[in-house]
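*Asks:* To start, I am sharing the structure in question, which I have written as structure tokens.
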Protein chains: 4
Amino acid sequence: MSDTLEKLAAVIEARKDADPGSSYVAGLFDKGMESILKKVGEESTETIMAALGPDDAQLVHETADLWFHTLVMLAARGLGPDAVLAELERRFGMSGIEEKAARKK
Amino acid sequence: MSDTLEKLAAVIEARKDADPGSSYVAGLFDKGMESILKKVGEESTETIMAALGPDDAQLVHETADLWFHTLVMLAARGLGPDAVLAELERRFGMSGIEEKAARKK
Amino acid sequence: MSDTLEKLAAVIEARKDADPGSSYVAGLFDKGMESILKKVGEESTETIMAALGPDDAQLVHETADLWFHTLVMLAARGLGPDAVLAELERRFGMSGIEEKAARKK
Amino acid sequence: MSDTLEKLAAVIEARKDADPGSSYVAGLFDKGMESILKKVGEESTETIMAALGPDDAQLVHETADLWFHTLVMLAARGLGPDAVLAELERRFGMSGIEEKAARKK
């Protein structure tokens, strides 16, 4: 499962120039960044509401929706999950997070 | 880089019972789910604003912050990225996304 | 125009027990608080995006949508704009805002 | 209480050119629109979380924060609450809301 985001990004990328009516993702790309960002905002709200509720499956579902739409957002900018994962890697492989902890000690 | 989320989740998990003053993540867990979700909301807003701006590095930075805080949120519920990745795998390995596309054809 | 929010709240209140199919607001009440809050989240995102764009009319439009859906949210809880206006009155008639400024001096 | 928003907008307007250190609002204006919008996003999230909780006073408090920061946002664009209230007036004095209801009947 470790390369799920990369595989998903490839699926999204392949939809970029597809007929807008051919898939949900192709339709989102066609409508443009503002429509994609409305979805990011919606899924963020739904994730937060799910996290306040009792249903783990619902929270997983909404978080998947949120991550998915951020991948579409990245793709619309010509970016992939690798850039974000590299940034996270850089931080926890000793910069941001560890460093913050270190500084606090 | 393919197991970054899992490795990051392990780092987060290890902070769960740490002294709240010992790290940013330990502090977030100590403050509780509402504080974590405020951060998810903040980072979502900042991601959306970055996506409307011109700076790719800024967008990657904000998306990393958003993903990171959703991992903290999942951990606070005893969940990990594997559940979300499995959900995404399930969808694009033929259910949600492909299916939606199929239905639309 | 000074009692617009109160008049609007009365209109909203009157829709509370209406047939869900009879109006947008009656439909929202019927679907419940989670649906109302999804709209609050959506309109907040759209307001933020409009504020980063150049179109004043668009910003006014989205802000009106946001305020409107917060009124529906308040009504779903049996609250009206008077409670929020009283809170704002209390603050700027010398507590929150002025006080903060005073403290900073 | 009917002119609270207008009075509050006047207070906000007066802070526009004040020393950034002299008040919270002057500081927000100084930091610029992105900082104001982060606050709008934060307060929106906090309003949504409060609406899922049991505490009416908390919900009123967060909604007041949200409205307040949208007033600061409008002021940063040279706009006031009157434009938003006029838009709402226009809609419920027979266009948007009533019309939607009318169309649905």
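By convention in this document, the chains of the structure tokens carry letters A, B, ... by their order, each chain's residues are numbered from 1, and ligands are numbered from 1 in the order they are shown.
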With only C-alpha atoms as the counted atoms, please give the residues lying no more than 12 Å from Ala86 of chain B, apart from itself and same-chain residues fewer than 5 positions off, as a compact mmCIF listing (two decimals) with C-alpha atoms, in the first residue's frame.

*Replies:*
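Output (part39.txt):
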```txt
# COMPACT_ATOMS: atom_id res chain seq x y z
CA MET A 1 0.00 0.00 0.00
CA SER A 2 3.04 2.16 0.32
CA ASP A 3 2.84 3.68 -3.15
CA THR A 4 -0.89 4.31 -3.16
CA LEU A 5 -0.56 8.09 -3.40
CA LEU A 8 -3.46 7.54 -7.45
CA ALA A 57 -15.25 4.52 9.02
CA VAL A 60 -11.50 7.46 7.20
CA HIS A 61 -13.90 8.10 4.32
CA THR A 63 -10.02 11.97 5.19
CA ALA A 64 -9.65 9.93 2.00
CA GLY B 80 -3.29 5.44 10.91
CA PRO B 81 -2.68 6.41 7.29
CA ARG B 91 -11.74 3.26 -4.65
CA PHE B 92 -9.32 3.69 -7.49
CA GLY B 93 -8.66 -0.03 -7.78
```

*Asks:* When the cut-off is 8 Å and we count only C-alpha atoms, which residues of chain C are near chain A, given as a ChimeraX atom specification?

*Replies:* /C:34,38,41-42,45-46,49

*Asks:* Could you tell me how far atom CA of Leu52 of chain D sits from atom CA of Glu13 of chain B, in Å to one decimal place?

*Replies:*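 Atom CA of Leu52 of chain D lies at a distance of 27.4 Å from atom CA of Glu13 of chain B.
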
*Asks:* May I ask which of the residues C:Asp82, C:Glu89, C:Asp65, C:Lys31 is the closest one to Asp19 of chain C, counting only C-alpha atoms?

*Replies:*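 Selected residue with least distance to Asp19 of chain C: C:Lys31.
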
*Asks:* Report the residues of chain A whose backbone DSSP state falls under helix (DSSP H, G or I), written as a PyMOL selection string.

*Replies:* chain A and resi 4-14+24-31+33-52+56-76+81-92+96-104

*Asks:* With only C-alpha atoms as the atoms that count, which of A:Leu71, A:Leu66, A:Leu88, A:Ala10 lies nearest to Ile48 of chain A?

*Replies:*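 Going through A:Leu71, A:Leu66, A:Leu88, A:Ala10 one by one, the smallest distance to Ile48 of chain A is for A:Leu66.
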
*Asks:* Please measure the separation of atom CA of Leu85 of chain A and atom CA of Glu62 of chain B, giving the value in Å to one decimal.

*Replies:*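 Going from atom CA of Leu85 of chain A over to atom CA of Glu62 of chain B covers 12.0 Å.
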
*Asks:* Calculate how many Å separate atom CA of Ile36 of chain C from atom CA of Met73 of chain C, rounding to one decimal.

*Replies:*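 One can read the atom CA of Ile36 of chain C to atom CA of Met73 of chain C distance as 6.2 Å.
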